[in-house]
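A.B. asks: start28.cif is the file, holding mmCIF, C-alpha atoms and all ligand atoms:
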data_coords
#
loop_
_atom_site.group_PDB
_atom_site.id
_atom_site.type_symbol
_atom_site.label_atom_id
_atom_site.label_comp_id
_atom_site.auth_asym_id
_atom_site.auth_seq_id
_atom_site.Cartn_x
_atom_site.Cartn_y
_atom_site.Cartn_z
ATOM 1 C CA MET B 1 149.794 64.389 59.756
ATOM 2 C CA ASN B 2 148.420 67.836 58.909
ATOM 3 C CA ALA B 3 149.710 70.937 60.692
ATOM 4 C CA ILE B 4 146.564 71.589 62.784
ATOM 5 C CA LEU B 5 146.364 67.994 63.979
ATOM 6 C CA ASP B 6 150.078 68.096 64.749
ATOM 7 C CA GLU B 7 149.552 71.222 66.861
ATOM 8 C CA HIS B 8 146.621 69.613 68.699
ATOM 9 C CA ILE B 9 148.740 66.558 69.501
ATOM 10 C CA ARG B 10 151.489 68.802 70.894
ATOM 11 C CA THR B 11 148.991 70.766 72.976
ATOM 12 C CA LEU B 12 147.511 67.596 74.476
ATOM 13 C CA ALA B 13 150.991 66.202 75.145
ATOM 14 C CA ALA B 14 151.974 69.418 76.952
ATOM 15 C CA TRP B 15 148.783 69.412 79.071
ATOM 16 C CA LEU B 16 149.264 65.762 79.988
ATOM 17 C CA LYS B 17 152.868 66.370 80.988
ATOM 18 C CA GLU B 18 151.772 69.118 83.351
ATOM 19 C CA THR B 19 149.115 67.106 85.163
ATOM 20 C CA THR B 20 149.284 64.460 87.864
ATOM 21 C CA ARG B 21 145.519 64.141 88.227
ATOM 22 C CA GLY B 22 144.131 63.834 84.739
ATOM 23 C CA VAL B 23 141.039 61.722 84.154
ATOM 24 C CA ALA B 24 140.299 59.703 81.015
ATOM 25 C CA PHE B 25 136.659 58.999 80.283
ATOM 26 C CA SER B 26 136.203 56.304 77.672
ATOM 27 C CA GLY B 27 133.285 55.114 75.594
ATOM 28 C CA ALA B 28 132.658 52.366 73.077
ATOM 29 C CA GLY B 29 134.789 54.174 70.463
ATOM 30 C CA ILE B 30 138.040 53.303 72.243
ATOM 31 C CA SER B 31 137.318 49.596 71.714
ATOM 32 C CA THR B 32 136.323 49.639 68.030
ATOM 33 C CA GLU B 33 140.011 49.281 67.135
ATOM 34 C CA SER B 34 139.908 46.027 69.131
ATOM 35 C CA GLY B 35 137.058 44.758 66.963
ATOM 36 C CA ILE B 36 134.130 45.499 69.289
ATOM 37 C CA PRO B 37 131.496 47.533 67.393
ATOM 38 C CA ASP B 38 130.366 50.718 69.112
ATOM 39 C CA PHE B 39 126.816 51.423 70.120
ATOM 40 C CA ARG B 40 125.548 53.299 67.121
ATOM 41 C CA SER B 41 127.550 52.071 64.148
ATOM 42 C CA PRO B 42 125.457 50.767 61.254
ATOM 43 C CA GLY B 43 125.248 46.985 61.225
ATOM 44 C CA GLY B 44 126.144 46.847 64.938
ATOM 45 C CA VAL B 45 123.971 44.852 67.302
ATOM 46 C CA TRP B 46 122.201 47.979 68.601
ATOM 47 C CA SER B 47 121.085 49.064 65.154
ATOM 48 C CA ARG B 48 119.136 45.779 64.992
ATOM 49 C CA HIS B 49 117.800 45.603 68.570
ATOM 50 C CA GLN B 50 116.207 47.972 71.043
ATOM 51 C CA PRO B 51 117.939 47.569 74.429
ATOM 52 C CA VAL B 52 115.989 45.650 77.110
ATOM 53 C CA MET B 53 114.881 47.819 80.040
ATOM 54 C CA TYR B 54 115.851 46.514 83.482
ATOM 55 C CA GLN B 55 112.294 46.337 84.824
ATOM 56 C CA ASP B 56 111.167 44.371 81.742
ATOM 57 C CA PHE B 57 114.123 42.008 82.154
ATOM 58 C CA LEU B 58 112.989 41.245 85.698
ATOM 59 C CA THR B 59 109.306 40.785 84.973
ATOM 60 C CA ASP B 60 108.858 39.653 81.374
ATOM 61 C CA PRO B 61 110.253 36.268 80.225
ATOM 62 C CA ALA B 62 109.958 37.330 76.556
ATOM 63 C CA GLU B 63 112.154 40.377 77.222
ATOM 64 C CA ARG B 64 114.621 38.138 79.080
ATOM 65 C CA ARG B 65 114.859 35.870 76.052
ATOM 66 C CA ARG B 66 115.478 38.939 73.905
ATOM 67 C CA TYR B 67 118.211 40.055 76.348
ATOM 68 C CA TRP B 68 120.015 36.736 76.032
ATOM 69 C CA GLN B 69 119.655 36.763 72.237
ATOM 70 C CA ILE B 70 121.324 40.201 72.114
ATOM 71 C CA ARG B 71 124.098 38.972 74.406
ATOM 72 C CA LYS B 72 124.562 35.806 72.340
ATOM 73 C CA GLU B 73 125.108 37.977 69.229
ATOM 74 C CA SER B 74 127.336 40.592 70.838
ATOM 75 C CA ILE B 75 129.600 38.697 73.235
ATOM 76 C CA PRO B 76 131.795 36.804 70.725
ATOM 77 C CA SER B 77 133.492 40.102 69.713
ATOM 78 C CA PHE B 78 134.152 40.841 73.406
ATOM 79 C CA LEU B 79 135.596 37.384 74.045
ATOM 80 C CA SER B 80 138.036 37.591 71.137
ATOM 81 C CA ALA B 81 139.118 41.235 71.664
ATOM 82 C CA GLU B 82 142.581 42.326 72.789
ATOM 83 C CA PRO B 83 143.496 45.769 74.166
ATOM 84 C CA ASN B 84 144.622 48.197 71.446
ATOM 85 C CA ALA B 85 147.029 51.145 71.275
ATOM 86 C CA GLY B 86 144.477 53.465 72.898
ATOM 87 C CA HIS B 87 143.976 51.261 75.972
ATOM 88 C CA LEU B 88 147.730 50.671 76.266
ATOM 89 C CA ALA B 89 148.482 54.410 76.044
ATOM 90 C CA LEU B 90 146.134 55.151 78.951
ATOM 91 C CA ALA B 91 147.784 52.456 81.090
ATOM 92 C CA LYS B 92 151.154 54.040 80.344
ATOM 93 C CA LEU B 93 149.919 57.548 81.210
ATOM 94 C CA GLU B 94 148.735 56.224 84.574
ATOM 95 C CA ASP B 95 152.124 54.508 85.115
ATOM 96 C CA GLN B 96 153.879 57.782 84.327
ATOM 97 C CA GLY B 97 151.788 59.546 86.969
ATOM 98 C CA HIS B 98 149.740 61.770 84.654
ATOM 99 C CA LEU B 99 146.387 60.017 84.912
ATOM 100 C CA ALA B 100 144.605 59.473 88.217
ATOM 101 C CA ALA B 101 142.048 57.063 86.765
ATOM 102 C CA VAL B 102 140.071 55.826 83.816
ATOM 103 C CA VAL B 103 136.322 56.244 84.151
ATOM 104 C CA THR B 104 134.743 54.035 81.521
ATOM 105 C CA GLN B 105 131.295 53.472 80.093
ATOM 106 C CA ASN B 106 132.655 50.289 78.554
ATOM 107 C CA ILE B 107 131.769 46.846 79.725
ATOM 108 C CA ASP B 108 134.592 44.902 78.050
ATOM 109 C CA GLU B 109 137.370 45.040 80.736
ATOM 110 C CA LEU B 110 139.957 45.956 78.071
ATOM 111 C CA HIS B 111 141.364 48.804 80.205
ATOM 112 C CA GLN B 112 142.192 46.406 83.034
ATOM 113 C CA ARG B 113 143.694 43.923 80.584
ATOM 114 C CA ALA B 114 145.859 46.721 79.133
ATOM 115 C CA GLY B 115 147.265 47.369 82.616
ATOM 116 C CA SER B 116 145.221 50.335 83.862
ATOM 117 C CA ARG B 117 144.960 49.950 87.633
ATOM 118 C CA ARG B 118 142.280 52.421 88.675
ATOM 119 C CA VAL B 119 139.326 51.730 86.391
ATOM 120 C CA LEU B 120 135.841 52.875 87.338
ATOM 121 C CA GLU B 121 133.190 50.977 85.413
ATOM 122 C CA VAL B 122 130.136 53.206 85.569
ATOM 123 C CA HIS B 123 128.078 50.785 83.440
ATOM 124 C CA GLY B 124 129.446 47.611 85.049
ATOM 125 C CA THR B 125 130.944 44.737 83.077
ATOM 126 C CA ALA B 126 129.666 42.227 80.554
ATOM 127 C CA MET B 127 132.580 39.945 81.361
ATOM 128 C CA LYS B 128 131.017 38.835 84.641
ATOM 129 C CA VAL B 129 127.660 37.104 84.981
ATOM 130 C CA HIS B 130 125.856 36.388 88.238
ATOM 131 C CA CYS B 131 122.633 35.161 89.811
ATOM 132 C CA LEU B 132 120.511 38.063 91.073
ATOM 133 C CA GLU B 133 119.276 35.863 93.969
ATOM 134 C CA CYS B 134 122.329 34.048 95.374
ATOM 135 C CA ASP B 135 125.139 35.929 93.551
ATOM 136 C CA LYS B 136 126.640 32.727 92.141
ATOM 137 C CA ARG B 137 129.155 33.697 89.422
ATOM 138 C CA PHE B 138 129.218 32.115 85.975
ATOM 139 C CA PRO B 139 132.120 32.152 83.491
ATOM 140 C CA CYS B 140 131.241 34.088 80.305
ATOM 141 C CA GLU B 141 132.250 31.199 78.080
ATOM 142 C CA ALA B 142 129.977 28.765 79.950
ATOM 143 C CA ILE B 143 126.999 31.100 79.492
ATOM 144 C CA GLN B 144 127.794 31.482 75.800
ATOM 145 C CA ASP B 145 127.979 27.689 75.437
ATOM 146 C CA ARG B 146 124.548 27.347 77.062
ATOM 147 C CA LEU B 147 123.049 30.001 74.740
ATOM 148 C CA GLU B 148 124.585 28.398 71.677
ATOM 149 C CA ALA B 149 123.292 25.006 72.799
ATOM 150 C CA GLY B 150 119.768 26.449 72.561
ATOM 151 C CA GLU B 151 118.915 27.747 76.069
ATOM 152 C CA GLU B 152 116.847 30.903 75.608
ATOM 153 C CA ASP B 153 116.752 32.079 79.223
ATOM 154 C CA ILE B 154 119.464 31.432 81.796
ATOM 155 C CA CYS B 155 118.431 30.418 85.313
ATOM 156 C CA CYS B 156 120.783 29.744 88.201
ATOM 157 C CA ASP B 157 121.554 26.023 88.399
ATOM 158 C CA ASP B 158 121.939 26.334 92.207
ATOM 159 C CA CYS B 159 118.858 28.302 93.264
ATOM 160 C CA GLY B 160 116.794 28.785 90.084
ATOM 161 C CA GLY B 161 117.169 32.583 90.346
ATOM 162 C CA ILE B 162 117.353 35.046 87.463
ATOM 163 C CA VAL B 163 120.862 35.312 85.981
ATOM 164 C CA LYS B 164 122.165 38.550 84.438
ATOM 165 C CA SER B 165 125.440 39.986 83.241
ATOM 166 C CA MET B 166 126.894 42.530 85.695
ATOM 167 C CA THR B 167 126.213 45.433 83.339
ATOM 168 C CA VAL B 168 123.997 48.369 84.205
ATOM 169 C CA SER B 169 120.925 48.048 82.014
ATOM 170 C CA PHE B 170 118.792 50.944 80.847
ATOM 171 C CA GLY B 171 116.469 51.799 83.721
ATOM 172 C CA GLN B 172 118.877 50.374 86.324
ATOM 173 C CA GLN B 173 120.669 52.508 88.925
ATOM 174 C CA LEU B 174 124.370 53.156 88.356
ATOM 175 C CA PRO B 175 126.566 51.565 91.065
ATOM 176 C CA ALA B 176 126.470 54.261 93.769
ATOM 177 C CA ALA B 177 130.027 53.982 95.119
ATOM 178 C CA VAL B 178 131.602 53.898 91.645
ATOM 179 C CA TRP B 179 129.500 56.838 90.549
ATOM 180 C CA MET B 180 130.385 58.945 93.609
ATOM 181 C CA GLU B 181 134.084 58.217 93.176
ATOM 182 C CA SER B 182 133.858 59.124 89.468
ATOM 183 C CA GLU B 183 132.140 62.419 90.207
ATOM 184 C CA GLN B 184 134.728 63.229 92.851
ATOM 185 C CA LEU B 185 137.574 62.535 90.413
ATOM 186 C CA CYS B 186 135.900 64.805 87.875
ATOM 187 C CA ARG B 187 135.571 67.613 90.406
ATOM 188 C CA GLN B 188 139.246 67.281 91.398
ATOM 189 C CA CYS B 189 140.926 66.792 88.038
ATOM 190 C CA ASP B 190 142.582 69.548 86.031
ATOM 191 C CA LEU B 191 142.459 67.715 82.693
ATOM 192 C CA PHE B 192 139.538 65.597 81.503
ATOM 193 C CA MET B 193 139.828 63.595 78.288
ATOM 194 C CA ALA B 194 136.653 62.153 76.770
ATOM 195 C CA LEU B 195 137.670 59.393 74.352
ATOM 196 C CA GLY B 196 135.355 57.590 71.942
ATOM 197 C CA SER B 197 132.040 58.550 73.420
ATOM 198 C CA SER B 198 129.147 60.152 71.576
ATOM 199 C CA LEU B 199 128.453 61.874 74.938
ATOM 200 C CA VAL B 200 124.711 61.392 74.706
ATOM 201 C CA VAL B 201 124.128 58.658 77.337
ATOM 202 C CA TYR B 202 123.325 60.359 80.665
ATOM 203 C CA PRO B 203 124.145 60.559 83.496
ATOM 204 C CA ALA B 204 127.627 59.379 82.429
ATOM 205 C CA ALA B 205 127.886 62.074 79.753
ATOM 206 C CA GLY B 206 127.383 64.685 82.496
ATOM 207 C CA LEU B 207 130.881 63.946 83.857
ATOM 208 C CA PRO B 208 132.738 66.056 81.266
ATOM 209 C CA GLU B 209 130.393 68.944 82.039
ATOM 210 C CA THR B 210 131.087 68.579 85.768
ATOM 211 C CA ALA B 211 134.859 68.534 85.200
ATOM 212 C CA LYS B 212 134.723 71.606 82.967
ATOM 213 C CA ARG B 213 132.471 73.509 85.378
ATOM 214 C CA ARG B 214 134.983 72.806 88.177
ATOM 215 C CA GLY B 215 137.837 74.306 86.150
ATOM 216 C CA ALA B 216 139.396 71.340 84.324
ATOM 217 C CA LYS B 217 140.498 71.591 80.716
ATOM 218 C CA LEU B 218 138.171 69.462 78.605
ATOM 219 C CA VAL B 219 139.635 67.482 75.701
ATOM 220 C CA ILE B 220 137.463 65.416 73.355
ATOM 221 C CA VAL B 221 138.970 62.794 71.067
ATOM 222 C CA ASN B 222 136.288 61.271 68.867
ATOM 223 C CA ARG B 223 135.811 60.393 65.237
ATOM 224 C CA ASP B 224 132.464 62.221 65.014
ATOM 225 C CA SER B 225 131.275 65.499 66.518
ATOM 226 C CA THR B 226 129.646 65.412 69.948
ATOM 227 C CA PRO B 227 127.146 67.764 71.617
ATOM 228 C CA LEU B 228 129.939 68.938 73.951
ATOM 229 C CA ASP B 229 132.482 69.917 71.270
ATOM 230 C CA ASP B 230 131.649 73.614 71.734
ATOM 231 C CA LEU B 231 132.372 73.356 75.466
ATOM 232 C CA ALA B 232 135.773 71.709 74.972
ATOM 233 C CA ASP B 233 139.177 73.375 75.133
ATOM 234 C CA LEU B 234 140.505 70.981 72.516
ATOM 235 C CA VAL B 235 138.703 68.677 70.081
ATOM 236 C CA ILE B 236 140.520 66.083 68.004
ATOM 237 C CA HIS B 237 138.434 64.324 65.368
ATOM 238 C CA GLY B 238 140.445 61.201 64.648
ATOM 239 C CA SER B 239 141.358 57.673 65.696
ATOM 240 C CA ILE B 240 141.998 57.281 69.417
ATOM 241 C CA GLY B 241 144.782 54.715 68.965
ATOM 242 C CA GLU B 242 146.666 56.917 66.502
ATOM 243 C CA THR B 243 146.078 60.102 68.497
ATOM 244 C CA LEU B 244 147.227 58.736 71.858
ATOM 245 C CA SER B 245 150.214 56.950 70.313
ATOM 246 C CA ALA B 246 151.283 60.242 68.718
ATOM 247 C CA VAL B 247 150.773 62.076 72.034
ATOM 248 C CA LEU B 248 152.961 59.557 73.899
ATOM 249 C CA LYS B 249 155.638 59.892 71.240
ATOM 250 C CA VAL B 250 155.722 63.685 71.623
ATOM 251 C CA MET B 251 155.856 63.337 75.421
ATOM 252 C CA GLY B 252 158.770 60.911 75.075
ATOM 253 C CA GLN B 253 160.621 63.277 72.759
ATOM 254 C CA ALA B 254 160.215 66.107 75.262
ATOM 255 C CA ASP B 255 161.693 63.809 77.965
ATOM 256 C CA SER B 256 164.772 62.943 75.964
ATOM 257 C CA ARG B 257 165.655 66.560 75.212
HETATM 258 P P1 LIG W 301 128.674 55.388 71.236
HETATM 259 O O1 LIG W 301 128.636 54.165 70.376
HETATM 260 O O2 LIG W 301 127.432 56.148 71.453
HETATM 261 O O3 LIG W 301 129.747 56.373 70.630
HETATM 262 C C1 LIG W 301 131.011 55.940 70.233
HETATM 263 C C2 LIG W 301 131.727 57.124 69.594
HETATM 264 O O4 LIG W 301 133.049 56.703 69.307
HETATM 265 C C3 LIG W 301 131.106 57.561 68.252
HETATM 266 O O5 LIG W 301 130.792 58.943 68.338
HETATM 267 C C4 LIG W 301 132.193 57.282 67.212
HETATM 268 O O6 LIG W 301 132.336 58.358 66.289
HETATM 269 C C5 LIG W 301 133.446 57.205 68.048
HETATM 270 N N1 LIG W 301 134.444 56.255 67.560
HETATM 271 C C6 LIG W 301 134.278 54.967 67.168
HETATM 272 N N2 LIG W 301 135.463 54.392 66.901
HETATM 273 C C7 LIG W 301 136.405 55.348 67.107
HETATM 274 C C8 LIG W 301 137.823 55.365 67.014
HETATM 275 N N3 LIG W 301 138.505 54.276 66.659
HETATM 276 N N4 LIG W 301 138.492 56.512 67.310
HETATM 277 C C9 LIG W 301 137.788 57.633 67.688
HETATM 278 N N5 LIG W 301 136.448 57.663 67.813
HETATM 279 C C10 LIG W 301 135.771 56.535 67.529
HETATM 280 O O7 LIG W 301 129.351 54.949 72.598
HETATM 281 P P2 LIG W 301 129.176 55.467 74.088
HETATM 282 O O8 LIG W 301 129.107 56.957 74.104
HETATM 283 O O9 LIG W 301 130.216 54.772 74.853
HETATM 284 O O10 LIG W 301 127.752 54.939 74.535
HETATM 285 C C11 LIG W 301 127.418 53.603 74.292
HETATM 286 C C12 LIG W 301 127.012 52.775 75.511
HETATM 287 O O11 LIG W 301 127.020 51.405 75.072
HETATM 288 C C13 LIG W 301 128.001 52.864 76.636
HETATM 289 O O12 LIG W 301 127.307 53.234 77.744
HETATM 290 C C14 LIG W 301 128.553 51.445 76.813
HETATM 291 O O13 LIG W 301 128.172 50.949 78.082
HETATM 292 C C15 LIG W 301 127.854 50.566 75.827
HETATM 293 N N6 LIG W 301 128.778 49.846 74.898
HETATM 294 C C16 LIG W 301 129.984 49.400 75.334
HETATM 295 C C17 LIG W 301 130.835 48.731 74.460
HETATM 296 C C18 LIG W 301 132.165 48.239 74.996
HETATM 297 O O14 LIG W 301 132.268 47.969 76.183
HETATM 298 N N7 LIG W 301 133.188 48.125 74.165
HETATM 299 C C19 LIG W 301 130.474 48.521 73.140
HETATM 300 C C20 LIG W 301 129.213 48.985 72.717
HETATM 301 C C21 LIG W 301 128.362 49.642 73.616
#
Output the file's structure as structure tokens, nothing else.

C.D. replies:
Amino acid sequence: MNAILDEHIRTLAAWLKETTRGVAFSGAGISTESGIPDFRSPGGVWSRHQPVMYQDFLTDPAERRRYWQIRKESIPSFLSAEPNAGHLALAKLEDQGHLAAVVTQNIDELHQRAGSRRVLEVHGTAMKVHCLECDKRFPCEAIQDRLEAGEEDICCDDCGGIVKSMTVSFGQQLPAAVWMESEQLCRQCDLFMALGSSLVVYPAAGLPETAKRRGAKLVIVNRDSTPLDDLADLVIHGSIGETLSAVLKVMGQADSR
């Protein structure tokens, strides 16, 4: 590890040790090490498809078929993924009392599976599917089986209603209670870590700005630059799994002194 990176890791470890109300804000980049491609990587599903707008999903059967085609292509990587070192590190930081919550843009439920208890899913979850009319729930695997068997649009087998994954689509309102709680956490925290997000999808990407404006230290860990790097107190351009593992190691060393 080079000297500057080493110093950044020590700084982040020291800040985390001091806080009992840190907030981690994660994006697709934290799950790439689990094998789920992020939003903008070349070859990823989103480089081949425009996302389906919510209103079009509701009103246009052709757009609904496109929605299910995108899901059919993308969900296998979600179903086979396991939490990685980055997810596990955040669960540990919460256990140790340094993190108040994880606010995530991700829809893969890997934070919960890693053991994080307070997870706010601002974009919902792809791992749950329901009928928009009667709220009947469908297992992910069953939906995937139906798509692979050739169904192009999924209707509720109880009421015939429109079925959709419980994600927040473009053009759809964010879940109000989750959003309010996330904003409140950002106003109250003293350390905000943005991990693996390009920080361009609003309103979620406004959370780091809110935290910083209210006096929190802003840390960005991301492979590529983001539009908020200049605002941050600390920027680490590197792998999230490696960075957080190194931070935990330094924190552990400080404990055993
Ligand atoms: P994004 O794809 O726009 O940005 C991801 C960022 O992570 C990139 O800047 C990339 O440089 C960085 N990155 C990738 N792997 C990394 C690693 N191992 N270590 C450090 N940095 C890494 O993602 P976004 O900002 O979260 O926006 C995408 C939207 O798409 C989100 O709202 C989310 O709902 C959705 N999405 C979710 C998943 C998921 O749940 N895993 C996957 C794809 C898309």

A.B. asks: Within 8 Å of ligand LIG 301 (chain W), which residues show up when you count only C-alpha atoms and all ligand atoms? List them as a PyMOL selection string, please.

C.D. replies: chain B and resi 26-33+36-41+78+105-109+123-126+167-168+195-201+204-205+221-226+237-241

A.B. asks: Could you tell me how far atom CA of Arg213 of chain B sits from atom CA of Ser182 of chain B, in Å to one decimal place?

C.D. replies: 15.0 Å

A.B. asks: So, with all atoms listed in the file as the atoms that count, which of B:Glu183, B:Asp135, B:Asp95, B:Glu7 lies closest to Ser165 of chain B?

C.D. replies: B:Asp135

A.B. asks: Return as a PyMOL selection string the set of residues that the PyMOL selection byres (((chain B and resi 212) around 10) and not hetatm) yields on the displayed structure.

C.D. replies: chain B and resi 186-187+189-192+207-211+213-219+231-233

A.B. asks: Pull out every residue that the PyMOL selection byres (((chain B and resi 178) around 10) and not hetatm) matches in the shown coordinates and put them as a PyMOL selection string.

C.D. replies: chain B and resi 103+119-124+174-177+179-184

A.B. asks: Go through the shown structure with the PyMOL selection byres (((chain B and resi 133) around 7) and not hetatm) and write out the matching residues as a list of chain:residue names.

C.D. replies: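 That selection, the PyMOL selection byres (((chain B and resi 133) around 7) and not hetatm), comes back as B:Cys131, B:Leu132, B:Cys134, B:Asp135, B:Gly161, B:Ile162.
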
A.B. asks: Hey, what's within 9 Å of Lys72 of chain B if we count all atoms listed in the file and toss same-chain stuff fewer than 2 positions away? As a list in words, please?

C.D. replies: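 The filter keeps Tyr67, Trp68, Gln69, Ile70, Ser74, Ile75, Pro76, Ile143, Gln144, Leu147 and Glu148 of chain B.
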
A.B. asks: Between B:Met166, B:Ile220, B:Leu88, B:Ala81, which is the closest to His8 of chain B once you count all atoms listed in the file?

C.D. replies: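 Distance minimum relative to His8 of chain B lands on B:Ile220.
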
A.B. asks: Using all atoms listed in the file, pick whichever of B:Lys17, B:Lys164, B:Arg71, B:Lys92 has the shortest atom-to-atom distance to Tyr54 of chain B.

C.D. replies: B:Lys164

A.B. asks: Between atom CA of Pro227 of chain B and atom CA of Thr104 of chain B, what is the distance in Å, rounded to a tenth?

C.D. replies: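 About the pair atom CA of Pro227 of chain B and atom CA of Thr104 of chain B: they are 18.6 Å apart.
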
A.B. asks: Quick check, in Å to one decimal: how far apart do atom CA of Ala101 of chain B and atom CA of Pro139 of chain B lie?

C.D. replies: 27.0 Å

A.B. asks: For Val102 of chain B, which residue among B:Thr11, B:Met193, B:Gln172, B:Leu248 is the nearest when counting all atoms listed in the file?

C.D. replies: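 Looking at the shortest contact to Val102 of chain B, the residue is B:Met193.
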
A.B. asks: Tell me which of B:Val163, B:Val45, B:Ala194, B:Leu93 sits closest to Arg137 of chain B, counting all atoms listed in the file.

C.D. replies: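 Checking each of B:Val163, B:Val45, B:Ala194, B:Leu93 against Arg137 of chain B, counting all atoms listed in the file, the winner is B:Val163.
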
A.B. asks: What's the 8 Å shell around Ile9 of chain B, counting all atoms listed in the file, without same-chain residues fewer than 6 positions away, as number ranges by chain?

C.D. replies: B: 243, 246-247, 250
